[in-house]
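Colleague: Data file structure28.tsv (TSV, C-alpha atoms) is appended below.
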chain	number	residue	atom	x	y	z
A	18	MET	CA	115.10	112.45	90.52
A	19	PHE	CA	112.71	112.51	93.48
A	20	THR	CA	113.18	108.79	93.79
A	21	ILE	CA	116.93	109.34	94.14
A	22	VAL	CA	116.27	111.93	96.86
A	23	PHE	CA	114.08	109.38	98.63
A	24	TYR	CA	116.78	106.74	98.40
A	25	ILE	CA	119.31	109.16	99.87
A	26	ILE	CA	116.94	110.12	102.71
A	27	ALA	CA	116.06	106.48	103.44
A	28	ALA	CA	119.71	105.36	103.30
A	29	THR	CA	120.80	108.21	105.60
A	30	ALA	CA	118.00	107.48	108.05
A	31	LEU	CA	118.82	103.78	107.96
A	32	LEU	CA	122.50	104.48	108.59
A	33	LEU	CA	121.78	106.81	111.52
A	34	SER	CA	119.36	104.26	112.91
A	35	ALA	CA	121.91	101.45	112.58
A	36	ILE	CA	124.58	103.53	114.32
A	37	SER	CA	122.35	104.25	117.31
A	38	ASP	CA	120.63	100.90	117.64
A	39	ARG	CA	121.18	97.83	115.51
A	40	GLY	CA	118.39	95.81	117.07
A	41	ARG	CA	115.80	98.48	116.44
A	42	THR	CA	117.04	98.96	112.89
A	43	ALA	CA	116.61	95.27	112.21
A	44	GLN	CA	113.15	95.52	113.71
A	45	ALA	CA	112.36	98.49	111.44
A	46	LEU	CA	113.49	96.58	108.36
A	47	HIS	CA	111.48	93.60	109.48
A	48	LYS	CA	108.41	95.82	109.84
A	49	ALA	CA	109.06	97.38	106.44
A	50	TRP	CA	109.22	93.95	104.86
A	51	ARG	CA	106.10	92.75	106.67
A	52	ALA	CA	104.16	95.83	105.58
A	53	PHE	CA	105.28	95.26	102.00
A	54	ALA	CA	104.54	91.52	102.05
A	55	GLY	CA	101.15	92.20	103.62
A	56	ILE	CA	100.07	94.53	100.85
A	57	LEU	CA	101.85	92.77	97.96
A	58	PRO	CA	98.81	90.75	96.75
A	59	GLU	CA	96.83	93.99	96.35
A	60	PHE	CA	99.77	95.71	94.66
A	61	LEU	CA	100.05	92.90	92.13
A	62	MET	CA	96.34	92.93	91.44
A	63	ILE	CA	96.41	96.70	90.95
A	64	ILE	CA	99.33	96.47	88.54
A	65	VAL	CA	97.82	93.70	86.39
A	66	ALA	CA	94.37	95.33	86.40
A	67	THR	CA	95.86	98.70	85.44
A	68	GLY	CA	97.77	97.10	82.56
A	69	LEU	CA	94.56	95.54	81.27
A	70	ILE	CA	92.56	98.76	81.59
A	71	LEU	CA	95.23	100.89	79.88
A	72	ALA	CA	95.33	98.43	76.98
A	73	PHE	CA	91.75	99.41	76.20
A	74	VAL	CA	91.50	103.00	77.46
A	75	THR	CA	94.12	104.43	75.08
A	76	PRO	CA	94.68	108.13	74.28
A	77	THR	CA	93.09	107.63	70.86
A	78	PHE	CA	90.06	106.00	72.46
A	79	ILE	CA	89.66	108.85	74.94
A	80	ALA	CA	90.24	111.50	72.26
A	81	THR	CA	87.36	110.13	70.18
A	82	LEU	CA	85.05	110.45	73.18
A	83	VAL	CA	86.06	113.73	74.77
A	84	GLY	CA	86.20	116.31	72.00
A	85	GLU	CA	85.49	119.97	72.67
A	86	ASP	CA	81.84	119.46	71.66
A	87	SER	CA	81.32	116.24	73.61
A	88	GLY	CA	79.62	118.22	76.36
A	89	VAL	CA	78.44	116.74	79.65
A	90	LEU	CA	78.69	113.19	78.34
A	91	GLY	CA	82.31	113.80	77.35
A	92	VAL	CA	83.07	115.16	80.80
A	93	LEU	CA	81.51	112.10	82.41
A	94	VAL	CA	83.41	109.71	80.13
A	95	ALA	CA	86.68	111.56	80.76
A	96	SER	CA	86.04	111.58	84.47
A	97	LEU	CA	85.21	107.86	84.58
A	98	SER	CA	88.27	107.03	82.44
A	99	GLY	CA	90.38	108.92	84.94
A	100	ALA	CA	88.74	107.18	87.89
A	101	VAL	CA	89.37	103.64	86.63
A	102	THR	CA	92.89	104.38	85.41
A	103	LEU	CA	96.08	104.58	87.36
A	104	MET	CA	99.21	105.93	85.78
A	105	PRO	CA	102.27	107.83	86.92
A	106	GLY	CA	102.21	111.59	86.37
A	107	PHE	CA	105.06	111.58	83.91
A	108	VAL	CA	102.89	109.40	81.65
A	109	ALA	CA	99.55	111.03	82.46
A	110	PHE	CA	100.41	114.70	81.90
A	111	PRO	CA	102.07	114.34	78.51
A	112	MET	CA	99.14	112.12	77.53
A	113	ALA	CA	96.71	114.84	78.64
A	114	ALA	CA	98.66	117.39	76.61
A	115	LEU	CA	98.49	115.06	73.61
A	116	LEU	CA	94.73	114.67	74.08
A	117	LEU	CA	94.33	118.46	74.10
A	118	GLN	CA	96.27	118.64	70.83
A	119	LYS	CA	94.03	115.96	69.40
A	120	GLY	CA	91.05	118.20	70.06
A	121	ALA	CA	89.87	117.19	73.51
A	122	GLY	CA	88.15	119.96	75.48
A	123	ILE	CA	89.86	121.58	78.46
A	124	LEU	CA	86.87	120.78	80.70
A	125	GLN	CA	87.10	117.12	79.71
A	126	ILE	CA	90.86	116.94	80.21
A	127	GLY	CA	90.55	118.74	83.53
A	128	ALA	CA	88.01	116.11	84.59
A	129	PHE	CA	90.28	113.32	83.39
A	130	VAL	CA	93.41	114.57	85.16
A	131	SER	CA	91.58	115.44	88.38
A	132	SER	CA	89.77	112.14	88.76
A	133	LEU	CA	92.88	110.25	87.67
A	134	MET	CA	94.72	111.72	90.63
A	135	MET	CA	92.01	111.81	93.27
A	136	VAL	CA	89.77	108.82	92.58
A	137	GLY	CA	91.17	105.32	92.75
A	138	ILE	CA	88.94	102.49	91.61
A	139	VAL	CA	91.79	100.02	91.03
A	140	THR	CA	93.45	101.02	94.28
A	141	PHE	CA	90.15	100.58	96.12
A	142	PRO	CA	91.01	97.12	97.54
A	143	VAL	CA	94.07	98.53	99.35
A	144	GLU	CA	92.17	101.58	100.50
A	145	ARG	CA	89.34	99.42	101.83
A	146	LYS	CA	91.83	97.24	103.66
A	147	THR	CA	93.29	100.36	105.28
A	148	PHE	CA	90.21	102.43	106.12
A	149	GLY	CA	87.28	100.05	105.85
A	150	THR	CA	84.63	99.99	103.12
A	151	ARG	CA	82.58	102.94	104.35
A	152	VAL	CA	85.44	105.44	104.58
A	153	ALA	CA	87.10	104.28	101.38
A	154	LEU	CA	83.84	104.49	99.46
A	155	THR	CA	82.92	107.90	100.89
A	156	ARG	CA	86.37	109.30	100.17
A	157	ASN	CA	86.28	108.16	96.55
A	158	VAL	CA	82.75	109.44	95.93
A	159	LEU	CA	83.64	112.82	97.45
A	160	ALA	CA	86.89	112.92	95.50
A	161	TRP	CA	84.99	112.23	92.31
A	162	VAL	CA	82.49	115.05	92.97
A	163	PHE	CA	85.36	117.45	93.74
A	164	SER	CA	87.30	116.36	90.67
A	165	LEU	CA	84.32	117.45	88.55
A	166	ALA	CA	84.17	120.78	90.39
A	167	ILE	CA	87.89	121.29	89.85
A	168	ALA	CA	87.45	120.52	86.15
A	169	GLY	CA	84.84	123.28	86.04
A	170	ILE	CA	87.19	125.72	87.76
A	171	LEU	CA	90.00	124.80	85.33
A	172	ALA	CA	87.73	125.38	82.35
A	173	VAL	CA	86.61	128.78	83.68
A	174	VAL	CA	90.13	129.96	84.55
A	175	LEU	CA	91.71	128.73	81.32
A	176	GLY	CA	88.74	130.02	79.32
A	177	VAL	CA	89.09	133.44	80.93
A	178	LEU	CA	92.88	133.61	80.73
A	179	ALA	CA	93.31	131.97	77.34
B	22	MET	CA	92.59	94.14	107.87
B	23	SER	CA	92.72	90.73	106.36
B	24	GLY	CA	96.53	90.89	106.35
B	25	VAL	CA	98.37	87.65	106.14
B	26	SER	CA	95.43	85.58	107.37
B	27	GLY	CA	94.20	82.96	104.92
B	28	GLY	CA	96.29	80.77	102.68
B	29	PRO	CA	98.57	82.22	100.03
B	30	LEU	CA	96.07	81.19	97.37
B	31	ARG	CA	93.33	83.19	99.03
B	32	ARG	CA	95.56	86.19	99.61
B	33	PHE	CA	96.56	86.28	95.97
B	34	ALA	CA	93.06	85.46	94.66
B	35	GLY	CA	92.59	88.97	93.24
B	36	ALA	CA	95.98	88.99	91.54
B	37	ILE	CA	95.45	85.48	90.17
B	38	GLY	CA	92.02	86.52	88.88
B	39	ALA	CA	93.55	89.52	87.12
B	40	VAL	CA	96.20	87.30	85.52
B	41	LEU	CA	93.51	84.86	84.35
B	42	LEU	CA	91.63	87.79	82.83
B	43	LEU	CA	94.84	88.78	81.08
B	44	GLY	CA	95.04	85.21	79.74
B	45	ILE	CA	91.52	85.50	78.31
B	46	VAL	CA	92.40	88.85	76.71
B	47	ALA	CA	95.54	87.23	75.25
B	48	ILE	CA	93.34	84.67	73.46
B	49	VAL	CA	90.61	87.09	72.34
B	50	ALA	CA	92.75	90.15	71.56
B	51	PRO	CA	96.48	89.26	71.55
B	52	HIS	CA	97.51	92.78	70.54
B	53	ARG	CA	95.79	94.34	73.56
B	54	ALA	CA	97.29	91.72	75.84
B	55	GLY	CA	100.73	92.59	74.49
B	56	GLU	CA	100.16	96.23	75.36
B	57	ALA	CA	98.88	95.23	78.78
B	58	VAL	CA	101.98	93.12	79.42
B	59	SER	CA	104.30	95.98	78.52
B	60	THR	CA	102.38	98.32	80.87
B	61	ILE	CA	102.52	95.68	83.60
B	62	GLY	CA	106.28	95.32	83.11
B	63	PHE	CA	106.64	99.07	83.36
B	64	SER	CA	104.52	99.28	86.53
B	65	LEU	CA	106.36	96.39	88.18
B	66	THR	CA	109.67	98.13	87.48
B	67	GLU	CA	108.24	101.33	88.90
B	68	MET	CA	107.05	99.51	92.01
B	69	LEU	CA	110.41	97.83	92.58
B	70	LEU	CA	112.32	101.08	91.97
B	71	VAL	CA	110.16	103.61	93.79
B	72	ILE	CA	108.73	101.67	96.70
B	73	PRO	CA	111.72	100.35	98.73
B	74	PRO	CA	112.71	103.70	100.34
B	75	ILE	CA	109.06	104.41	101.23
B	76	PHE	CA	108.76	101.14	103.11
B	77	VAL	CA	112.17	101.56	104.77
B	78	LEU	CA	111.10	105.01	106.03
B	79	LEU	CA	107.76	103.56	107.12
B	80	GLY	CA	109.55	100.88	109.13
B	81	LEU	CA	111.94	103.40	110.68
B	82	MET	CA	109.07	105.73	111.56
B	83	ASP	CA	107.19	102.86	113.15
B	84	VAL	CA	110.16	101.93	115.34
B	85	TRP	CA	111.63	105.33	116.20
B	86	VAL	CA	108.74	107.80	116.42
B	87	PRO	CA	107.02	107.42	119.80
B	88	ARG	CA	103.25	107.34	119.75
B	89	GLU	CA	102.97	110.28	122.18
B	90	GLN	CA	105.14	112.42	119.98
B	91	LEU	CA	103.26	111.64	116.79
B	92	MET	CA	99.97	112.19	118.60
B	93	ARG	CA	101.19	115.58	119.79
B	94	HIS	CA	102.17	116.62	116.28
B	95	MET	CA	99.40	114.96	114.27
B	96	GLY	CA	96.75	113.91	116.77
B	97	ASP	CA	93.34	115.41	117.50
B	98	LYS	CA	94.80	118.45	119.24
B	99	SER	CA	97.47	119.18	116.67
B	100	ARG	CA	95.35	121.82	114.90
B	101	VAL	CA	96.76	123.70	111.91
B	102	ARG	CA	100.32	122.46	112.46
B	103	GLY	CA	99.22	118.84	112.24
B	104	ALA	CA	97.34	119.47	109.01
B	105	VAL	CA	100.30	121.34	107.51
B	106	LEU	CA	102.58	118.46	108.50
B	107	ALA	CA	100.19	115.88	107.00
B	108	PHE	CA	99.86	117.93	103.83
B	109	THR	CA	103.64	118.31	103.53
B	110	MET	CA	104.26	114.60	104.13
B	111	GLY	CA	101.77	113.70	101.39
B	112	SER	CA	103.10	116.30	98.97
B	113	VAL	CA	106.79	115.46	99.19
B	114	ALA	CA	106.00	111.79	98.67
B	115	ALA	CA	107.16	109.94	95.61
B	116	GLY	CA	105.33	106.87	94.46
B	117	PRO	CA	101.89	105.71	93.38
B	118	LEU	CA	98.78	106.22	95.52
B	119	TYR	CA	98.66	102.60	96.63
B	120	ALA	CA	101.93	103.11	98.53
B	121	ALA	CA	100.25	105.83	100.64
B	122	PHE	CA	97.95	103.42	102.44
B	123	PRO	CA	100.59	101.41	104.35
B	124	VAL	CA	102.02	104.75	105.54
B	125	ALA	CA	98.50	105.87	106.52
B	126	THR	CA	98.17	102.65	108.53
B	127	VAL	CA	101.29	103.51	110.55
B	128	LEU	CA	100.04	107.08	111.09
B	129	MET	CA	96.70	105.74	112.30
B	130	ARG	CA	98.35	103.31	114.67
B	131	LYS	CA	100.53	106.08	116.07
B	132	GLY	CA	97.48	108.18	116.88
B	133	ALA	CA	97.26	110.70	114.02
B	134	SER	CA	93.78	112.20	113.78
B	135	THR	CA	91.32	111.06	111.12
B	136	PHE	CA	91.43	114.54	109.63
B	137	ASN	CA	95.21	114.51	109.31
B	138	VAL	CA	95.33	111.00	107.86
B	139	MET	CA	92.79	112.05	105.23
B	140	VAL	CA	94.74	115.23	104.45
B	141	PHE	CA	97.85	113.09	104.04
B	142	VAL	CA	96.13	110.69	101.63
B	143	GLY	CA	94.52	113.57	99.75
B	144	ALA	CA	97.84	115.36	99.35
B	145	TRP	CA	99.59	112.16	98.27
B	146	SER	CA	96.89	111.54	95.68
B	147	THR	CA	96.93	114.90	94.03
B	148	THR	CA	99.39	117.58	95.18
B	149	LYS	CA	102.67	115.71	95.02
B	150	ILE	CA	105.52	118.03	94.13
B	151	PRO	CA	107.12	115.74	91.50
B	152	MET	CA	103.70	115.42	89.83
B	153	PHE	CA	103.23	119.17	89.91
B	154	LEU	CA	106.52	119.68	88.07
B	155	PHE	CA	105.51	117.24	85.34
B	156	GLU	CA	102.10	118.85	85.11
B	157	PHE	CA	103.62	122.31	84.86
B	158	ALA	CA	105.88	121.18	82.03
B	159	ALA	CA	103.21	119.29	80.08
B	160	LEU	CA	100.05	121.33	80.55
B	161	GLY	CA	101.37	124.76	81.44
B	162	GLY	CA	101.58	126.89	84.58
B	163	THR	CA	98.00	128.16	84.54
B	164	PHE	CA	96.59	124.64	84.42
B	165	ALA	CA	98.96	123.25	87.07
B	166	ILE	CA	98.68	126.17	89.51
B	167	THR	CA	94.89	126.45	89.17
B	168	ARG	CA	94.52	122.74	89.83
B	169	LEU	CA	96.84	122.91	92.83
B	170	LEU	CA	94.98	125.89	94.33
B	171	ALA	CA	91.59	124.27	93.72
B	172	ASN	CA	92.80	120.98	95.18
B	173	ILE	CA	93.90	122.34	98.55
B	174	PRO	CA	90.38	123.34	99.71
B	175	ALA	CA	89.01	120.16	98.12
B	176	ILE	CA	91.38	117.97	100.15
B	177	LEU	CA	90.53	119.85	103.36
B	178	LEU	CA	86.78	119.65	102.71
B	179	ILE	CA	86.94	115.93	101.98
B	180	ALA	CA	88.89	115.44	105.21
B	181	VAL	CA	86.34	117.50	107.17
B	182	VAL	CA	83.39	115.57	105.74
B	183	LEU	CA	85.06	112.21	106.35
B	184	THR	CA	85.92	113.19	109.93
B	185	ARG	CA	82.33	114.24	110.62
B	186	LEU	CA	80.42	111.56	108.75
B	187	THR	CA	82.40	108.42	109.03
B	188	PRO	CA	83.70	106.61	112.06
B	189	LEU	CA	87.10	105.11	111.43
B	190	PRO	CA	87.30	101.94	113.48
B	191	ALA	CA	91.06	101.57	113.12
B	192	ILE	CA	91.89	105.21	113.79
B	193	ASP	CA	92.09	106.93	117.19
B	194	ARG	CA	92.26	103.60	118.93
B	195	PRO	CA	95.39	102.69	120.87
B	196	ASP	CA	94.85	99.00	120.17
B	197	ALA	CA	94.40	99.52	116.43
B	198	PRO	CA	95.60	96.58	114.36
B	199	PRO	CA	99.28	96.42	113.42
B	200	VAL	CA	100.58	97.12	109.93
B	201	THR	CA	100.16	93.59	108.80
B	202	ASN	CA	98.33	90.54	110.06
Just dump the structure as structure tokens.
Modeller:
Amino acid sequence: MFTIVFYIIAATALLLSAISDRGRTAQALHKAWRAFAGILPEFLMIIVATGLILAFVTPTFIATLVGEDSGVLGVLVASLSGAVTLMPGFVAFPMAALLLQKGAGILQIGAFVSSLMMVGIVTFPVERKTFGTRVALTRNVLAWVFSLAIAGILAVVLGVLA
Amino acid sequence: MSGVSGGPLRRFAGAIGAVLLLGIVAIVAPHRAGEAVSTIGFSLTEMLLVIPPIFVLLGLMDVWVPREQLMRHMGDKSRVRGAVLAFTMGSVAAGPLYAAFPVATVLMRKGASTFNVMVFVGAWSTTKIPMFLFEFAALGGTFAITRLLANIPAILLIAVVLTRLTPLPAIDRPDAPPVTN
């Protein structure tokens, strides 16, 4: 649905742009294409790598490792699984809910979801290309630390409110 | 920015490597490779469906938004308003994290501050509204709202630390490299 909204916004903007200046609009489309073509190799690598990783890091695999009693090790495993994986939210959140049903701990799932969103190991090549190695690395390390902190907060809040 | 420099073979070396790895997996564990291929098909479809409007908007922004104007709204002196704008831009985004970086490149070139670029990337990574709705539905309101509220200070802190600790060669420089090559 949000994608449709984006298409409508982009189409409207493109139309308005074309009405006011055709040359500039062509230039904008050219730039859009160049930006896409420039980053395409990284996109393809990310997509193939993600497919490979997800073939091994399955919900069942994670569930066996991140049970309620898996403790600190389970949190670390969940967090690392989240960091190396990349998946759209509409796949990730139902999967997290399924993992909870299968007996995964809330702390572990919090760590998984948080690092999944914030830390990007497969997307690192694009990030490095954009920001440079130092910034990209620092951002991911910080994001990973914060994702663990957020997992802790989630566990406390849900433990208190449950 | 390596961009389009280097031959096509070199540019696609990573992707080719990943495909070769997939080939090895196909020989060793055909079942896993099958699963990988179906995920790859899904992701490629997602990329082709979700990404075109993002890049069209990126191109339009690059052509139509003057550098001075973007600097005023998102540059070093933009203060709270710039951060709110960056946060909103990241949050209303649709699309995977890797699509955020080309947009960040345009923002950097147009003179957005390091802090605001990092807030934008942080918001895109974790507080996207479509994601929040899915999260709310799957994991419940308490989980989704707690995570959102905990994420906002986290994103800001990461942006502060990155601004203080790490020089961004491409950012804040009028002659920063173009989007590609």
Colleague: Grab the atom CA of Leu97 of chain A to atom CA of Ile150 of chain B distance for me, in Å with one decimal place.
Modeller: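 Atom CA of Ile150 of chain B lies at a distance of 24.6 Å from atom CA of Leu97 of chain A.
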Colleague: Show me, as a CSV table (one decimal) with C-alpha atoms, in the frame of the given file, the residues that have an atom within 12 Å of Phe23 of chain A when counting all atoms listed in the file, minus same-chain residues fewer than 4 positions from it.
Modeller:
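Ended up saving to around25.csv:
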chain,number,residue,atom,x,y,z
A,18,MET,CA,115.1,112.4,90.5
A,19,PHE,CA,112.7,112.5,93.5
A,27,ALA,CA,116.1,106.5,103.4
A,28,ALA,CA,119.7,105.4,103.3
A,29,THR,CA,120.8,108.2,105.6
A,30,ALA,CA,118.0,107.5,108.0
A,31,LEU,CA,118.8,103.8,108.0
B,70,LEU,CA,112.3,101.1,92.0
B,71,VAL,CA,110.2,103.6,93.8
B,72,ILE,CA,108.7,101.7,96.7
B,73,PRO,CA,111.7,100.4,98.7
B,74,PRO,CA,112.7,103.7,100.3
B,75,ILE,CA,109.1,104.4,101.2
B,76,PHE,CA,108.8,101.1,103.1
B,77,VAL,CA,112.2,101.6,104.8
B,78,LEU,CA,111.1,105.0,106.0
B,113,VAL,CA,106.8,115.5,99.2
B,114,ALA,CA,106.0,111.8,98.7
B,115,ALA,CA,107.2,109.9,95.6
B,116,GLY,CA,105.3,106.9,94.5
B,151,PRO,CA,107.1,115.7,91.5
Colleague: Within 10 Å of segment 82-98 of chain B, counting only C-alpha atoms, which residues show up once you throw out same-chain ones fewer than 5 positions away? Write them as a ChimeraX atom specification, please.
Modeller: /A:30,34,41-46,48-49 /B:76-77,103-107,124,127-138,193,195,200
Colleague: Figure out the distance between atom CA of Thr147 of chain B and atom CA of Met110 of chain B, please, to one decimal in Å.
Modeller: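 We find that atom CA of Met110 of chain B and atom CA of Thr147 of chain B lie 12.5 Å from each other.
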Colleague: So, with all atoms listed in the file as the atoms that count, which of B:Leu81, B:Leu154, B:Ala121, B:Ile45 lies closest to chain A?
Modeller: B:Leu81
Colleague: Segment 106-120 of chain B, all listed atoms, 6 Å padding on each side: what axis-aligned box centre and edge lengths in Å to one decimal come out, as AutoDock Vina command-line options?
Modeller:
--center_x 102.9 --center_y 110.5 --center_z 100.9 --size_x 20.5 --size_y 27.9 --size_z 27.1
Colleague: Using all atoms listed in the file for the distances, tell me which of B:Met152, B:Val49, B:Leu170, B:Ala158 is nearest to chain A.
Modeller: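 Once distances to chain A are computed over all atoms listed in the file, the minimum belongs to B:Met152.
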Colleague: For segment 131-141 of chain A, work out the shell of residues within 6 Å, counting all atoms listed in the file and skipping chain neighbours fewer than 3 positions away, then give it as an NGL selection string.
Modeller: (:A and (63 or 96 or 99-101 or 127-128 or 144-145 or 157 or 160-161 or 164)) or (:B and (119 or 146-147))
Colleague: Report the distance between atom CA of Ala121 of chain A and atom CA of Ala168 of chain A in Å, rounded to one decimal place.
Modeller: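 Going from atom CA of Ala121 of chain A over to atom CA of Ala168 of chain A covers 13.3 Å.
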Colleague: Between A:Pro111, A:Gln125, A:Val22, A:Asp38, single out the one closest to chain B, counting all atoms listed in the file.
Modeller: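 Of A:Pro111, A:Gln125, A:Val22, A:Asp38, the one nearest chain B, counting all atoms listed in the file, is A:Pro111.
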Colleague: Hey, what's within 12 Å of Lys119 of chain A if we count only C-alpha atoms and toss same-chain stuff fewer than 2 positions away? As a PyMOL selection string, please?
Modeller: chain A and resi 76-85+112-117+121-123+126
Colleague: Between A:Val89, A:Val74, A:Leu165, A:Ala66, which one has atoms that come closest to chain B, using all atoms listed in the file?
Modeller: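 Nearest to chain B: A:Ala66.
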Colleague: Could you pull the residues within 8 Å of segment 60-64 of chain B, counting all atoms listed in the file, minus those fewer than 5 positions along the same chain, as a list in words?
Modeller: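 Everything that qualifies: Ile64, Val65, Thr67, Gly68 and Leu71 of chain A.
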Colleague: Which residue gives the smallest distance to chain A among B:Pro29, B:Gly111, B:Gly80, B:Leu186, with all atoms listed in the file counted?
Modeller: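 Using all atoms listed in the file, chain A sits closest to B:Gly80.
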Colleague: Ranking B:Ala57, B:Ile166, B:Ala47, B:Ile173 by minimum distance to chain A and counting all atoms listed in the file, which one comes first?
Modeller: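 Closest to chain A, using all atoms listed in the file: B:Ala57.
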